[in-house]
There are 2 protein chains.
Amino acid sequence: MSRRPASPSGSQGIPEATVARLPVYLRTLYALADRGIATVSSEDLAAAAGVNSAKLRKDLSHLGSYGTRGVGYDVEYLVYQVSRELGLTQDWPVVIVGAGNLGRALANYGGFASRGFRVAALLDSEPTAVGTTIAGHEVRSADSIEQVVASQGISIGVIATPASAAQDVCDRLVTAGVTSILNFAPVVLNVPAGVDVRKVDLSIELQILAFHAQRRAVIRVPGNGVSGPGQRWGKPEAQAVGT
Amino acid sequence: MSRRPASPSGSQGIPEATVARLPVYLRTLYALADRGIATVSSEDLAAAAGVNSAKLRKDLSHLGSYGTRGVGYDVEYLVYQVSRELGLTQDWPVVIVGAGNLGRALANYGGFASRGFRVAALLDSEPTAVGTTIAGHEVRSADSIEQVVASQGISIGVIATPASAAQDVCDRLVTAGVTSILNFAPVVLNVPAGVDVRKVDLSIELQILAFHAQRRAVIRVPGNGVSGPGQRWGKPEAQAVGT
DNA sequence: CCGACTTTGTGCATGTGTTCACAAGGGCGT
DNA sequence: ACGCCCTTGTGAACACATGCACAAAGTCGG
């Protein structure tokens, strides 16, 4: 195989949509490996991952030419290639800020430490929480963000605080050197260029579900399209000046 | 995953990307309203929501013509319109299956009940958990999924079980009549057409962050791209037959 | 009543992502 | 050795999303 067929320098230029699916493929591959399957076709892998097979092939083609025509992909080999591409062959220490219900759930989450990630510190601003032990991690004061991040070389931070504290925590993480943030707080974080933020938001997901659920429900009601612009409220201030 | 018709034909189809942003706008609007702001321009609202103003205007234009040229949008009015579009003017009872760390965090999550959604039931299969009370909800046996869903007319289910139980729980929810599922378990759920599934997955998000973090780190290393296709493993079986 | 000013709503160009369909490539039976 | 059959990898068409730039439409001061 050629050194780098499609991607010029290293692993640059992988579409974002593809990156978002690689973890799904990886998980699916692990499941196949656990079942003792050594080789898999794009068709089968795609089905197991819940995507179109052409999409899967195109996604994988961005990593290189790792399949064998007429046969499929070697599961173990592909696991390694995808892992490497995602940066999971190295260890990522992670700091979790916020030891409330969510932070505790995250710290206890097994899949966290499983592959590549490791809870390096668990912080909270609440004095009553500091000093307790959760999932084997002693909760430390949020005051030590800077020290913890610096001393352990942490580049990934997870924000599991109330919304009101999130931006402040974020600022401190960034200042301390964190460049990747996973935000569970329901706020839009403001970060300087070069810092990568992803959000996980329960209520947004529920609202998207509600939208589709409502649409289904409305469609089921025949005739009168209630979905038209509402006549319940007039457009405010529209006729304020008049005559 | 879920079946999503590419282009909703009959009714006025709001683009999926827009739907995904509406909850963000809504939250931003609430924040503005709390600060006593009655009117907002697309520029200001977009900045607060972290998006481009043209995008915001185009998004809102899909709902109707609710702004006033030369002035902006009336906050309260827009809150109502967006809420209505998302289906939040009605109440959505939600069943949470799984009362582990995550399920508990979800049940305790304040923003859950705040607008439109209500925890109608909290279920678990663990006998030791059944009967306990979490955030004011008595945990009931997972055996009663069908009965709970039917009796309360629940159409939204949240899966917060271990991965191994998720598909089974999903099947039972769907059979019972749930058509919208929010899945926290790290598995790809298989559902019939007409059922909408969204997933929230910590490890996928972390892996995406790791990808970008790695890319930043590699770029910082000059010259020899260690990131080239690995020479650590040969492509398996590639040279198996050879002369 | 009018004209200057502000901001929305949108046509259009560009960019990104998805899907089809098929040629190229490789294994395997004979 | 050879040809059949299978599956990958990808060109090309299509669908969707984004962002610019500006005309339309409204407000407000005089």
# chains A, B, ... in the order shown; residues from 1 in each chain; ligands from 1

call {"tool": "calpha_fit_and_write", "arguments": {"fixed": "chain A", "moving": "chain B", "output": "tab-separated table (two decimals) with C-alpha atoms, in the first residue's frame"}}
result
chain	number	residue	atom	x	y	z
B	1	MET	CA	-17.86	26.85	19.67
B	2	SER	CA	-14.71	25.03	18.75
B	3	ARG	CA	-12.63	25.96	15.80
B	4	ARG	CA	-12.62	23.15	13.31
B	5	PRO	CA	-10.74	23.75	10.07
B	6	ALA	CA	-13.11	22.76	7.30
B	7	SER	CA	-10.59	20.80	5.33
B	8	PRO	CA	-7.43	19.69	7.07
B	9	SER	CA	-4.96	20.48	4.35
B	10	GLY	CA	-1.52	19.14	5.10
B	11	SER	CA	-2.03	15.71	6.57
B	12	GLN	CA	-4.48	13.18	5.27
B	13	GLY	CA	-7.77	14.58	6.53
B	14	ILE	CA	-10.33	12.14	7.76
B	15	PRO	CA	-13.83	13.62	7.36
B	16	GLU	CA	-15.44	14.68	10.60
B	17	ALA	CA	-18.48	12.51	9.94
B	18	THR	CA	-16.21	9.51	9.62
B	19	VAL	CA	-14.36	10.29	12.83
B	20	ALA	CA	-17.70	10.41	14.64
B	21	ARG	CA	-18.50	6.89	13.47
B	22	LEU	CA	-15.17	5.25	14.14
B	23	PRO	CA	-15.92	4.79	17.86
B	24	VAL	CA	-19.10	2.96	16.93
B	25	TYR	CA	-17.21	0.66	14.61
B	26	LEU	CA	-14.61	0.09	17.28
B	27	ARG	CA	-17.18	-0.90	19.85
B	28	THR	CA	-18.87	-3.19	17.36
B	29	LEU	CA	-15.55	-4.80	16.54
B	30	TYR	CA	-14.86	-5.45	20.21
B	31	ALA	CA	-18.24	-7.11	20.51
B	32	LEU	CA	-17.45	-9.33	17.53
B	33	ALA	CA	-14.05	-10.21	18.95
B	34	ASP	CA	-15.67	-11.18	22.24
B	35	ARG	CA	-17.85	-13.57	20.32
B	36	GLY	CA	-14.77	-15.16	18.83
B	37	ILE	CA	-15.31	-13.81	15.33
B	38	ALA	CA	-11.99	-13.35	13.57
B	39	THR	CA	-13.08	-11.99	10.22
B	40	VAL	CA	-16.02	-9.84	9.20
B	41	SER	CA	-17.35	-8.48	5.93
B	42	SER	CA	-18.29	-4.86	5.49
B	43	GLU	CA	-21.88	-5.98	5.10
B	44	ASP	CA	-21.98	-7.72	8.46
B	45	LEU	CA	-20.00	-5.10	10.31
B	46	ALA	CA	-22.17	-2.35	8.89
B	47	ALA	CA	-25.34	-4.14	9.94
B	48	ALA	CA	-24.03	-4.58	13.48
B	49	ALA	CA	-23.00	-0.95	13.65
B	50	GLY	CA	-26.29	0.25	12.20
B	51	VAL	CA	-24.95	1.90	9.07
B	52	ASN	CA	-24.90	1.42	5.33
B	53	SER	CA	-22.15	-0.93	4.14
B	54	ALA	CA	-20.91	1.41	1.44
B	55	LYS	CA	-20.54	4.13	4.03
B	56	LEU	CA	-18.60	1.83	6.27
B	57	ARG	CA	-16.24	0.84	3.49
B	58	LYS	CA	-15.68	4.44	2.53
B	59	ASP	CA	-15.06	5.35	6.15
B	60	LEU	CA	-12.50	2.60	6.59
B	61	SER	CA	-10.87	3.43	3.29
B	62	HIS	CA	-9.86	6.76	4.80
B	63	LEU	CA	-7.67	4.93	7.28
B	64	GLY	CA	-5.97	2.82	4.67
B	65	SER	CA	-6.57	-0.36	2.74
B	66	TYR	CA	-7.03	-2.77	5.57
B	67	GLY	CA	-9.49	-5.24	4.11
B	68	THR	CA	-8.94	-8.29	1.96
B	69	ARG	CA	-11.08	-8.54	-1.14
B	70	GLY	CA	-13.17	-11.63	-1.27
B	71	VAL	CA	-12.75	-12.12	2.48
B	72	GLY	CA	-13.43	-9.06	4.59
B	73	TYR	CA	-11.65	-7.43	7.49
B	74	ASP	CA	-9.59	-9.12	10.16
B	75	VAL	CA	-11.30	-8.08	13.39
B	76	GLU	CA	-8.26	-7.87	15.62
B	77	TYR	CA	-6.23	-6.03	13.02
B	78	LEU	CA	-8.99	-3.56	12.38
B	79	VAL	CA	-9.47	-2.97	16.10
B	80	TYR	CA	-5.84	-2.00	16.30
B	81	GLN	CA	-5.96	0.27	13.27
B	82	VAL	CA	-9.07	2.10	14.38
B	83	SER	CA	-7.74	2.42	17.91
B	84	ARG	CA	-4.52	3.85	16.65
B	85	GLU	CA	-6.31	6.30	14.40
B	86	LEU	CA	-8.44	7.50	17.28
B	87	GLY	CA	-5.41	7.88	19.49
B	88	LEU	CA	-6.46	5.18	21.91
B	89	THR	CA	-3.16	3.36	21.90
B	90	GLN	CA	-2.00	5.93	24.37
B	91	ASP	CA	-3.38	6.71	27.77
B	92	TRP	CA	-5.47	9.85	28.26
B	93	PRO	CA	-5.69	11.16	31.79
B	94	VAL	CA	-8.94	13.06	32.28
B	95	VAL	CA	-9.99	15.56	34.90
B	96	ILE	CA	-13.63	15.72	35.90
B	97	VAL	CA	-14.77	19.01	37.39
B	98	GLY	CA	-18.00	18.78	39.35
B	99	ALA	CA	-18.77	15.96	41.75
B	100	GLY	CA	-22.53	16.37	41.81
B	101	ASN	CA	-24.91	13.72	40.60
B	102	LEU	CA	-23.52	13.81	37.12
B	103	GLY	CA	-19.88	13.94	38.07
B	104	ARG	CA	-20.39	10.99	40.34
B	105	ALA	CA	-22.12	9.05	37.61
B	106	LEU	CA	-19.25	9.78	35.27
B	107	ALA	CA	-16.61	8.78	37.80
B	108	ASN	CA	-18.42	5.53	38.38
B	109	TYR	CA	-18.90	4.88	34.70
B	110	GLY	CA	-17.01	1.73	33.91
B	111	GLY	CA	-16.59	2.30	30.21
B	112	PHE	CA	-14.61	5.36	31.12
B	113	ALA	CA	-11.49	3.69	32.32
B	114	SER	CA	-11.93	0.69	30.09
B	115	ARG	CA	-10.05	1.76	27.01
B	116	GLY	CA	-7.63	4.59	26.79
B	117	PHE	CA	-9.13	6.95	29.31
B	118	ARG	CA	-8.39	7.27	32.99
B	119	VAL	CA	-9.94	9.49	35.63
B	120	ALA	CA	-6.90	11.32	36.88
B	121	ALA	CA	-8.70	13.73	39.16
B	122	LEU	CA	-12.15	14.59	40.41
B	123	LEU	CA	-12.69	18.15	41.56
B	124	ASP	CA	-15.48	20.11	43.18
B	125	SER	CA	-15.85	23.58	44.59
B	126	GLU	CA	-18.19	22.50	47.37
B	127	PRO	CA	-16.21	22.22	50.63
B	128	THR	CA	-18.51	19.49	51.89
B	129	ALA	CA	-17.71	17.34	48.88
B	130	VAL	CA	-13.96	17.85	49.01
B	131	GLY	CA	-12.25	14.99	50.77
B	132	THR	CA	-14.92	12.41	50.11
B	133	THR	CA	-14.11	9.40	47.98
B	134	ILE	CA	-16.07	8.54	44.84
B	135	ALA	CA	-15.33	5.43	42.84
B	136	GLY	CA	-11.89	5.28	44.36
B	137	HIS	CA	-11.07	8.89	43.64
B	138	GLU	CA	-10.66	11.41	46.38
B	139	VAL	CA	-12.50	14.61	45.54
B	140	ARG	CA	-10.13	17.55	45.56
B	141	SER	CA	-10.83	21.24	45.67
B	142	ALA	CA	-11.60	22.97	42.42
B	143	ASP	CA	-9.03	25.53	43.45
B	144	SER	CA	-6.37	23.07	42.44
B	145	ILE	CA	-7.38	22.85	38.79
B	146	GLU	CA	-4.19	24.47	37.59
B	147	GLN	CA	-1.96	22.37	39.77
B	148	VAL	CA	-3.67	19.09	38.91
B	149	VAL	CA	-3.68	19.73	35.18
B	150	ALA	CA	-0.08	20.78	35.11
B	151	SER	CA	1.32	18.08	37.35
B	152	GLN	CA	-0.42	15.24	35.58
B	153	GLY	CA	-0.10	16.52	32.05
B	154	ILE	CA	-3.84	16.42	31.53
B	155	SER	CA	-5.16	17.56	28.16
B	156	ILE	CA	-8.79	16.46	28.43
B	157	GLY	CA	-11.27	18.02	30.84
B	158	VAL	CA	-14.86	17.10	31.57
B	159	ILE	CA	-17.15	19.83	32.86
B	160	ALA	CA	-19.98	18.48	34.99
B	161	THR	CA	-20.73	21.61	36.96
B	162	PRO	CA	-23.88	23.70	37.08
B	163	ALA	CA	-24.31	25.99	34.10
B	164	SER	CA	-23.39	29.04	36.12
B	165	ALA	CA	-19.90	27.75	36.89
B	166	ALA	CA	-19.12	26.18	33.53
B	167	GLN	CA	-17.55	29.12	31.71
B	168	ASP	CA	-15.32	29.96	34.61
B	169	VAL	CA	-14.17	26.37	35.00
B	170	CYS	CA	-13.63	26.20	31.26
B	171	ASP	CA	-11.45	29.29	31.29
B	172	ARG	CA	-9.35	27.91	34.08
B	173	LEU	CA	-8.95	24.55	32.38
B	174	VAL	CA	-7.86	26.21	29.16
B	175	THR	CA	-5.45	28.50	30.94
B	176	ALA	CA	-3.99	25.50	32.71
B	177	GLY	CA	-3.33	23.82	29.39
B	178	VAL	CA	-6.36	21.66	28.64
B	179	THR	CA	-7.11	21.64	24.92
B	180	SER	CA	-10.03	19.22	24.75
B	181	ILE	CA	-13.21	19.75	26.71
B	182	LEU	CA	-16.30	17.66	27.09
B	183	ASN	CA	-19.06	19.89	28.37
B	184	PHE	CA	-22.14	18.57	30.14
B	185	ALA	CA	-23.33	21.95	31.32
B	186	PRO	CA	-26.16	23.53	29.33
B	187	VAL	CA	-24.25	26.57	28.14
B	188	VAL	CA	-22.34	27.54	25.04
B	189	LEU	CA	-18.72	27.69	26.05
B	190	ASN	CA	-16.45	30.35	24.74
B	191	VAL	CA	-12.93	29.13	24.03
B	192	PRO	CA	-9.92	30.40	22.14
B	193	ALA	CA	-8.95	28.90	18.81
B	194	GLY	CA	-7.12	25.62	19.16
B	195	VAL	CA	-9.33	24.32	21.93
B	196	ASP	CA	-11.76	21.60	21.02
B	197	VAL	CA	-15.14	21.52	22.75
B	198	ARG	CA	-17.81	18.89	22.47
B	199	LYS	CA	-21.07	19.11	24.32
B	200	VAL	CA	-23.41	16.51	25.70
B	201	ASP	CA	-26.76	17.96	26.44
B	202	LEU	CA	-29.74	16.03	27.70
B	203	SER	CA	-32.31	18.72	27.18
B	204	ILE	CA	-31.24	19.45	23.64
B	205	GLU	CA	-31.63	15.80	22.76
B	206	LEU	CA	-35.02	15.67	24.38
B	207	GLN	CA	-36.15	18.74	22.50
B	208	ILE	CA	-35.07	17.25	19.21
B	209	LEU	CA	-37.05	14.13	20.06
B	210	ALA	CA	-40.03	16.27	21.00
B	211	PHE	CA	-39.90	18.02	17.66
B	212	HIS	CA	-40.16	14.77	15.75
B	213	ALA	CA	-42.72	13.35	18.14
B	214	GLN	CA	-44.88	16.41	17.67
B	215	ARG	CA	-44.55	16.23	13.95
B	216	ARG	CA	-45.77	12.64	14.01
B	217	ALA	CA	-48.67	13.62	16.23
B	218	VAL	CA	-49.71	16.59	14.11
B	219	ILE	CA	-49.60	14.60	10.92
B	220	ARG	CA	-51.96	12.15	12.48
B	221	VAL	CA	-54.51	14.96	12.90
B	222	PRO	CA	-56.20	15.40	9.53
B	223	GLY	CA	-57.34	18.55	7.77
B	224	ASN	CA	-56.88	21.80	9.61
B	225	GLY	CA	-53.26	22.14	10.52
B	226	VAL	CA	-53.23	23.58	13.99
B	227	SER	CA	-49.54	23.80	13.35
B	228	GLY	CA	-49.86	26.85	11.13
B	229	PRO	CA	-48.28	30.09	12.32
B	230	GLY	CA	-49.83	30.89	15.63
B	231	GLN	CA	-52.66	33.35	15.75
B	232	ARG	CA	-52.33	33.43	19.47
B	233	TRP	CA	-49.75	36.14	19.40
B	234	GLY	CA	-49.52	38.91	16.88
B	235	LYS	CA	-46.09	39.88	15.67
B	236	PRO	CA	-45.14	42.39	18.34
B	237	GLU	CA	-44.68	46.06	17.49
B	238	ALA	CA	-45.65	45.29	13.96
B	239	GLN	CA	-48.63	47.60	13.98
B	240	ALA	CA	-47.36	49.89	16.65
B	241	VAL	CA	-47.08	53.08	14.64
B	242	GLY	CA	-49.92	52.81	12.13
B	243	THR	CA	-52.08	55.75	11.06

call {"tool": "atom_distance", "arguments": {"atom1": "C1' of DA17 in chain D", "atom2": "C1' of DT16 in chain C"}}
result
7.5 Å

call {"tool": "residues_around", "arguments": {"residues": "DC12 in chain C", "least_positions_apart": "2", "cutoff": "10 Å", "atoms": "only C-alpha atoms (C1' of nucleotides)", "output": "PyMOL selection string"}}
result
(chain C and resi 10+14) or (chain D and resi 20-21)

call {"tool": "write_last_selection", "arguments": {"atoms": "C-alpha atoms (C1' of nucleotides)", "output": "PDB file, in the first residue's frame"}}
result
ATOM      1  C1'  DT C  10     -33.784  35.525   1.653  1.00  0.00           C
ATOM      2  C1'  DT C  14     -19.999  27.812  -1.504  1.00  0.00           C
TER       3       DT C  14
ATOM      4  C1'  DC D  20     -22.515  36.548   2.466  1.00  0.00           C
ATOM      5  C1'  DA D  21     -24.669  40.421   0.843  1.00  0.00           C
TER       6       DA D  21
END

call {"tool": "interface_residues", "arguments": {"of": "chain C", "to": "chain A", "cutoff": "7 Å", "atoms": "only C-alpha atoms (C1' of nucleotides)", "output": "ChimeraX atom specification"}}
result
/C:25-27

call {"tool": "interface_residues", "arguments": {"of": "chain D", "to": "chain A", "cutoff": "6 Å", "atoms": "only C-alpha atoms (C1' of nucleotides)", "output": "NGL selection string"}}
result
:D and (6-8)

call {"tool": "select_by_dssp", "arguments": {"residues": "range 2-242 of chain B", "states": "alpha helix (DSSP H)", "output": "PyMOL selection string"}}
result
chain B and resi 16-34+42-49+53-61+75-86+101-108+110-114+145-152+163-176+202-220

call {"tool": "residues_around", "arguments": {"residues": "DG11 in chain D", "least_positions_apart": "4", "cutoff": "12 Å", "atoms": "only C-alpha atoms (C1' of nucleotides)", "output": "ChimeraX atom specification"}}
result
/C:20-23
